[in-house]
Amino acid sequence: MNSSTVARMPDQQALMALCREKYFSAGEPGWSPKMRLRFGYVSPDEYYEAVVEQLVQPGVAWIDIGCGRDIFPSNPGLARKLASRAAYVLGIDPSDNIRDNPFITEGFQGLVEDCDTTREFDVVTLRMVAEHIVHPERALKRIARLLRPGGHVVIYTPYKWAPMSIIAALVPFRFHNPLKRLIWATEARDTFPTVYKLNTRKSLLGETAKVGLRETLFAKLDDCRTLAAFRATTFIELSLQSVLRRLSIGYPEACLLAVYQRVGDSPSA
């Protein structure tokens, strides 16, 4: 990949193109995406997917950390397209869910800091992973070593001070999956402990700077999916977000999307 490539926030045209392909390519979409688009709302997932699509250019080497069973759980079509576009995709995840991932070229079951591959990569992605990282400096140091000069790291994670993150920090872990299953119908094997050490811009900037990574993009994105299982609550969330947006007030529930680029020599392993 050209080291001069710069990640940019996708414009409305790019986001709408992604949403059309995601929701309309297989026929008529369900009520939820229709309602979101009617409100002019694009979810944090779609911003993340659009940014990764910019960076995964033909022939790149790509690591997806915390890949689990999917690269984009809500967009397998894009995962398939980008995995085919890349020359090599390494998946890293401590869970044995990685064995079910059809999009990776090769998988490493373990933590990124323990991955001893000698390859260098153009793009590293962490989708809903940063909140689980117990030793940020060790993990980011290894990530920086895995990047080619000019390579990019994309971090997409919940905001530490969003209501759901605060609840997750306060509620004992044994209750996390019952709550997630009630709200989002998730499975126990997709629920992992959280520590929220990299979930503010300040903490991200502090830790990435230590390992020679420079921020090139940062956004705090409204997340209106807390009660997205139900039409009425989805309508309430989207209506509230629409009012707050007109008042230039951020929605309380939010995700962070940030991109960092390796500059100069990274720290030794």
# chains A, B, ... in the order shown; residues from 1 in each chain; ligands from 1

$ select_by_dssp --residues "segment 28-245 of chain A" --states "alpha helix (DSSP H)" --output "ChimeraX atom specification"
/A:31-38,44-55,76-85,136-146,163-170,176-184,201-210,231-245

$ residues_around --residues "segment 241-248 of chain A" --least-positions-apart "3" --cutoff "8 Å" --atoms "only C-alpha atoms" --output "list in words"
Phe39, Asp222, Cys224, Glu237, Leu238 and Tyr251 of chain A

$ write_last_selection --atoms "C-alpha atoms" --output "CSV table (one decimal), in the first residue's frame"
chain,number,residue,atom,x,y,z
A,39,PHE,CA,-33.8,9.4,9.9
A,222,ASP,CA,-23.5,8.4,18.1
A,224,CYS,CA,-28.4,4.5,18.6
A,237,GLU,CA,-33.6,6.5,20.1
A,238,LEU,CA,-33.4,7.8,16.6
A,251,TYR,CA,-25.9,11.3,21.8

$ residues_around --residues "segment 110-126 of chain A" --least-positions-apart "6" --cutoff "6 Å" --atoms "only C-alpha atoms" --output "list in words"
Val60, Ala61, Trp62, Ile63, Asp64, Ile65, Asp93, Pro94, Ala139, Arg142, Leu146, Leu147, Arg148, Gly151, His152, Val153, Val154 and Ile155 of chain A

$ atom_distance --atom1 "atom CA of Glu49 of chain A" --atom2 "atom CA of Phe108 of chain A"
22.7 Å

$ closest_atom_pairs --of "segment 224-254 of chain A" --to "segment 15-37 of chain A" --cutoff "9 Å" --atoms "only C-alpha atoms" --output "Markdown table"
| residue | atom | partner | partner_atom | distance |
| --- | --- | --- | --- | --- |
| A:Ala228 | CA | A:Ser32 | CA | 7.6 |
| A:Ala229 | CA | A:Ser32 | CA | 8.4 |
| A:Phe230 | CA | A:Ser32 | CA | 8.7 |
| A:Arg231 | CA | A:Ser32 | CA | 7.3 |
| A:Thr234 | CA | A:Ser32 | CA | 7.8 |
| A:Phe235 | CA | A:Met35 | CA | 7.6 |
| A:Leu238 | CA | A:Arg36 | CA | 7.2 |

$ write_last_selection --atoms "C-alpha atoms" --output "PDB file, in the first residue's frame"
ATOM      1  CA  ALA A 228     -32.514  -1.693  18.428  1.00  0.00           C
ATOM      2  CA  ALA A 229     -34.350  -5.006  18.790  1.00  0.00           C
ATOM      3  CA  PHE A 230     -37.721  -3.246  19.006  1.00  0.00           C
ATOM      4  CA  ARG A 231     -39.403  -0.821  16.587  1.00  0.00           C
ATOM      5  CA  THR A 234     -35.523   2.226  17.939  1.00  0.00           C
ATOM      6  CA  PHE A 235     -37.848   5.046  16.900  1.00  0.00           C
ATOM      7  CA  LEU A 238     -33.421   7.807  16.591  1.00  0.00           C
TER       8      LEU A 238
END

$ closest_residue --among "A:Ala258, A:Ala130, A:Ala232, A:Ile71" --to "Leu217 of chain A" --atoms "only C-alpha atoms"
A:Ala258

$ residues_around --residues "Leu140 of chain A" --least-positions-apart "2" --cutoff "10 Å" --atoms "only C-alpha atoms" --output "mmCIF file with C-alpha atoms, in the first residue's frame"
data_model
loop_
_atom_site.group_PDB
_atom_site.id
_atom_site.type_symbol
_atom_site.label_atom_id
_atom_site.label_comp_id
_atom_site.auth_asym_id
_atom_site.auth_seq_id
_atom_site.Cartn_x
_atom_site.Cartn_y
_atom_site.Cartn_z
ATOM 1 C CA VAL A 112 -1.362 -10.180 19.575
ATOM 2 C CA GLU A 113 1.652 -9.648 21.833
ATOM 3 C CA ILE A 133 -6.891 -5.204 26.167
ATOM 4 C CA HIS A 135 -1.823 -4.543 28.769
ATOM 5 C CA PRO A 136 -2.148 -1.707 26.217
ATOM 6 C CA GLU A 137 1.536 -0.850 25.909
ATOM 7 C CA ARG A 138 2.544 -4.465 25.247
ATOM 8 C CA ARG A 142 3.689 -5.515 19.074
ATOM 9 C CA ILE A 143 1.180 -3.988 16.656
ATOM 10 C CA ALA A 144 3.647 -1.212 15.789
ATOM 11 C CA ARG A 145 6.331 -3.829 15.105
ATOM 12 C CA LEU A 146 3.978 -5.703 12.773
ATOM 13 C CA VAL A 153 -4.088 0.807 12.674
ATOM 14 C CA GLU A 207 -0.523 4.843 24.499
ATOM 15 C CA THR A 208 -0.141 5.042 20.714
ATOM 16 C CA ALA A 209 2.407 7.871 20.978
ATOM 17 C CA LYS A 210 4.641 5.631 23.093
ATOM 18 C CA VAL A 211 5.052 3.190 20.217
ATOM 19 C CA GLY A 212 5.484 5.597 17.301
ATOM 20 C CA LEU A 213 1.902 5.735 16.063
#

$ atom_distance --atom1 "atom CA of Met128 of chain A" --atom2 "atom CA of Tyr156 of chain A"
5.7 Å

$ closest_residue --among "A:Ala254, A:Ile98, A:Ile249, A:Leu198" --to "Glu131 of chain A" --atoms "only C-alpha atoms"
A:Leu198

$ atom_distance --atom1 "atom CA of Asp11 of chain A" --atom2 "atom CA of Thr157 of chain A"
20.7 Å

$ closest_residue --among "A:Glu106, A:Asp223, A:Glu253, A:Asp100" --to "Ser165 of chain A" --atoms "only C-alpha atoms"
A:Glu253

$ residues_around --residues "Ala83 of chain A" --least-positions-apart "3" --cutoff "7 Å" --atoms "only C-alpha atoms" --output "ChimeraX atom specification"
/A:79-80,86,89,103-104

$ write_last_selection --atoms "C-alpha atoms" --output "JSON list (two decimals), in the first residue's frame"
[["chain", "number", "residue", "atom", "x", "y", "z"],
["A", 79, "ALA", "CA", -15.82, -9.02, 4.53],
["A", 80, "ARG", "CA", -15.76, -11.38, 1.56],
["A", 86, "ALA", "CA", -6.16, -8.35, 0.17],
["A", 89, "VAL", "CA", -5.34, -11.78, 5.92],
["A", 103, "PHE", "CA", -12.43, -14.89, 5.62],
["A", 104, "ILE", "CA", -8.87, -15.19, 6.95]]

$ decode --residues "segment 195-228 of chain A" --atoms "N, CA and C atoms" --output "PDB file, in the first residue's frame"
ATOM      1  N   VAL A 195     -12.079  -4.053  30.215  1.00  0.00           N
ATOM      2  CA  VAL A 195     -11.280  -3.275  31.168  1.00  0.00           C
ATOM      3  C   VAL A 195     -11.263  -1.782  30.842  1.00  0.00           C
ATOM      4  N   TYR A 196     -11.558  -1.390  29.590  1.00  0.00           N
ATOM      5  CA  TYR A 196     -11.695   0.010  29.173  1.00  0.00           C
ATOM      6  C   TYR A 196     -10.448   0.856  29.455  1.00  0.00           C
ATOM      7  N   LYS A 197      -9.270   0.319  29.110  1.00  0.00           N
ATOM      8  CA  LYS A 197      -8.031   1.080  29.284  1.00  0.00           C
ATOM      9  C   LYS A 197      -7.667   1.921  28.058  1.00  0.00           C
ATOM     10  N   LEU A 198      -8.352   1.694  26.944  1.00  0.00           N
ATOM     11  CA  LEU A 198      -8.060   2.414  25.696  1.00  0.00           C
ATOM     12  C   LEU A 198      -9.340   3.010  25.125  1.00  0.00           C
ATOM     13  N   ASN A 199     -10.170   3.554  25.970  1.00  0.00           N
ATOM     14  CA  ASN A 199     -11.513   3.915  25.516  1.00  0.00           C
ATOM     15  C   ASN A 199     -11.864   5.384  25.680  1.00  0.00           C
ATOM     16  N   THR A 200     -10.831   6.221  25.690  1.00  0.00           N
ATOM     17  CA  THR A 200     -10.990   7.670  25.549  1.00  0.00           C
ATOM     18  C   THR A 200      -9.926   8.137  24.556  1.00  0.00           C
ATOM     19  N   ARG A 201     -10.139   9.304  23.987  1.00  0.00           N
ATOM     20  CA  ARG A 201      -9.127   9.815  23.055  1.00  0.00           C
ATOM     21  C   ARG A 201      -7.805  10.051  23.775  1.00  0.00           C
ATOM     22  N   LYS A 202      -7.871  10.532  25.003  1.00  0.00           N
ATOM     23  CA  LYS A 202      -6.653  10.803  25.765  1.00  0.00           C
ATOM     24  C   LYS A 202      -5.842   9.524  25.980  1.00  0.00           C
ATOM     25  N   SER A 203      -6.503   8.453  26.388  1.00  0.00           N
ATOM     26  CA  SER A 203      -5.772   7.212  26.636  1.00  0.00           C
ATOM     27  C   SER A 203      -5.225   6.631  25.336  1.00  0.00           C
ATOM     28  N   LEU A 204      -5.995   6.724  24.268  1.00  0.00           N
ATOM     29  CA  LEU A 204      -5.509   6.238  22.972  1.00  0.00           C
ATOM     30  C   LEU A 204      -4.294   7.026  22.500  1.00  0.00           C
ATOM     31  N   LEU A 205      -4.368   8.360  22.594  1.00  0.00           N
ATOM     32  CA  LEU A 205      -3.235   9.189  22.167  1.00  0.00           C
ATOM     33  C   LEU A 205      -1.994   8.906  23.002  1.00  0.00           C
ATOM     34  N   GLY A 206      -2.182   8.768  24.311  1.00  0.00           N
ATOM     35  CA  GLY A 206      -1.048   8.532  25.195  1.00  0.00           C
ATOM     36  C   GLY A 206      -0.344   7.218  24.897  1.00  0.00           C
ATOM     37  N   GLU A 207      -1.123   6.153  24.711  1.00  0.00           N
ATOM     38  CA  GLU A 207      -0.523   4.843  24.499  1.00  0.00           C
ATOM     39  C   GLU A 207       0.030   4.672  23.090  1.00  0.00           C
ATOM     40  N   THR A 208      -0.649   5.192  22.086  1.00  0.00           N
ATOM     41  CA  THR A 208      -0.141   5.042  20.714  1.00  0.00           C
ATOM     42  C   THR A 208       1.123   5.868  20.491  1.00  0.00           C
ATOM     43  N   ALA A 209       1.208   7.032  21.135  1.00  0.00           N
ATOM     44  CA  ALA A 209       2.407   7.871  20.978  1.00  0.00           C
ATOM     45  C   ALA A 209       3.653   7.167  21.500  1.00  0.00           C
ATOM     46  N   LYS A 210       3.501   6.343  22.512  1.00  0.00           N
ATOM     47  CA  LYS A 210       4.641   5.631  23.093  1.00  0.00           C
ATOM     48  C   LYS A 210       5.296   4.680  22.102  1.00  0.00           C
ATOM     49  N   VAL A 211       4.536   4.218  21.125  1.00  0.00           N
ATOM     50  CA  VAL A 211       5.052   3.190  20.217  1.00  0.00           C
ATOM     51  C   VAL A 211       5.205   3.706  18.786  1.00  0.00           C
ATOM     52  N   GLY A 212       5.220   5.021  18.613  1.00  0.00           N
ATOM     53  CA  GLY A 212       5.484   5.597  17.301  1.00  0.00           C
ATOM     54  C   GLY A 212       4.318   5.588  16.349  1.00  0.00           C
ATOM     55  N   LEU A 213       3.097   5.667  16.893  1.00  0.00           N
ATOM     56  CA  LEU A 213       1.902   5.735  16.063  1.00  0.00           C
ATOM     57  C   LEU A 213       1.297   7.124  16.181  1.00  0.00           C
ATOM     58  N   ARG A 214       0.936   7.709  15.036  1.00  0.00           N
ATOM     59  CA  ARG A 214       0.402   9.075  14.987  1.00  0.00           C
ATOM     60  C   ARG A 214      -1.060   9.036  14.568  1.00  0.00           C
ATOM     61  N   GLU A 215      -1.893   9.768  15.307  1.00  0.00           N
ATOM     62  CA  GLU A 215      -3.315   9.811  14.972  1.00  0.00           C
ATOM     63  C   GLU A 215      -3.539  10.555  13.656  1.00  0.00           C
ATOM     64  N   THR A 216      -4.281   9.933  12.756  1.00  0.00           N
ATOM     65  CA  THR A 216      -4.634  10.588  11.492  1.00  0.00           C
ATOM     66  C   THR A 216      -6.137  10.783  11.344  1.00  0.00           C
ATOM     67  N   LEU A 217      -6.919  10.129  12.181  1.00  0.00           N
ATOM     68  CA  LEU A 217      -8.381  10.278  12.135  1.00  0.00           C
ATOM     69  C   LEU A 217      -8.935   9.938  13.508  1.00  0.00           C
ATOM     70  N   PHE A 218      -9.894  10.735  13.952  1.00  0.00           N
ATOM     71  CA  PHE A 218     -10.592  10.420  15.203  1.00  0.00           C
ATOM     72  C   PHE A 218     -12.026  10.914  15.108  1.00  0.00           C
ATOM     73  N   ALA A 219     -12.955  10.086  15.539  1.00  0.00           N
ATOM     74  CA  ALA A 219     -14.362  10.490  15.575  1.00  0.00           C
ATOM     75  C   ALA A 219     -15.059   9.810  16.747  1.00  0.00           C
ATOM     76  N   LYS A 220     -15.934  10.556  17.376  1.00  0.00           N
ATOM     77  CA  LYS A 220     -16.835  10.012  18.394  1.00  0.00           C
ATOM     78  C   LYS A 220     -18.206   9.924  17.734  1.00  0.00           C
ATOM     79  N   LEU A 221     -18.737   8.723  17.612  1.00  0.00           N
ATOM     80  CA  LEU A 221     -19.911   8.459  16.782  1.00  0.00           C
ATOM     81  C   LEU A 221     -21.124   8.096  17.641  1.00  0.00           C
ATOM     82  N   ASP A 222     -22.236   8.744  17.375  1.00  0.00           N
ATOM     83  CA  ASP A 222     -23.485   8.430  18.076  1.00  0.00           C
ATOM     84  C   ASP A 222     -23.883   6.982  17.805  1.00  0.00           C
ATOM     85  N   ASP A 223     -24.233   6.279  18.884  1.00  0.00           N
ATOM     86  CA  ASP A 223     -24.615   4.875  18.764  1.00  0.00           C
ATOM     87  C   ASP A 223     -26.061   4.686  19.230  1.00  0.00           C
ATOM     88  N   CYS A 224     -26.970   4.585  18.276  1.00  0.00           N
ATOM     89  CA  CYS A 224     -28.405   4.459  18.571  1.00  0.00           C
ATOM     90  C   CYS A 224     -28.878   3.026  18.422  1.00  0.00           C
ATOM     91  N   ARG A 225     -28.110   2.073  18.973  1.00  0.00           N
ATOM     92  CA  ARG A 225     -28.460   0.659  18.795  1.00  0.00           C
ATOM     93  C   ARG A 225     -28.705  -0.058  20.115  1.00  0.00           C
ATOM     94  N   THR A 226     -28.760   0.682  21.216  1.00  0.00           N
ATOM     95  CA  THR A 226     -28.896   0.037  22.512  1.00  0.00           C
ATOM     96  C   THR A 226     -30.175  -0.786  22.595  1.00  0.00           C
ATOM     97  N   LEU A 227     -31.269  -0.242  22.084  1.00  0.00           N
ATOM     98  CA  LEU A 227     -32.561  -0.938  22.139  1.00  0.00           C
ATOM     99  C   LEU A 227     -33.089  -1.188  20.729  1.00  0.00           C
ATOM    100  N   ALA A 228     -32.167  -1.580  19.847  1.00  0.00           N
ATOM    101  CA  ALA A 228     -32.514  -1.693  18.428  1.00  0.00           C
ATOM    102  C   ALA A 228     -33.323  -2.940  18.091  1.00  0.00           C
TER     103      ALA A 228
END
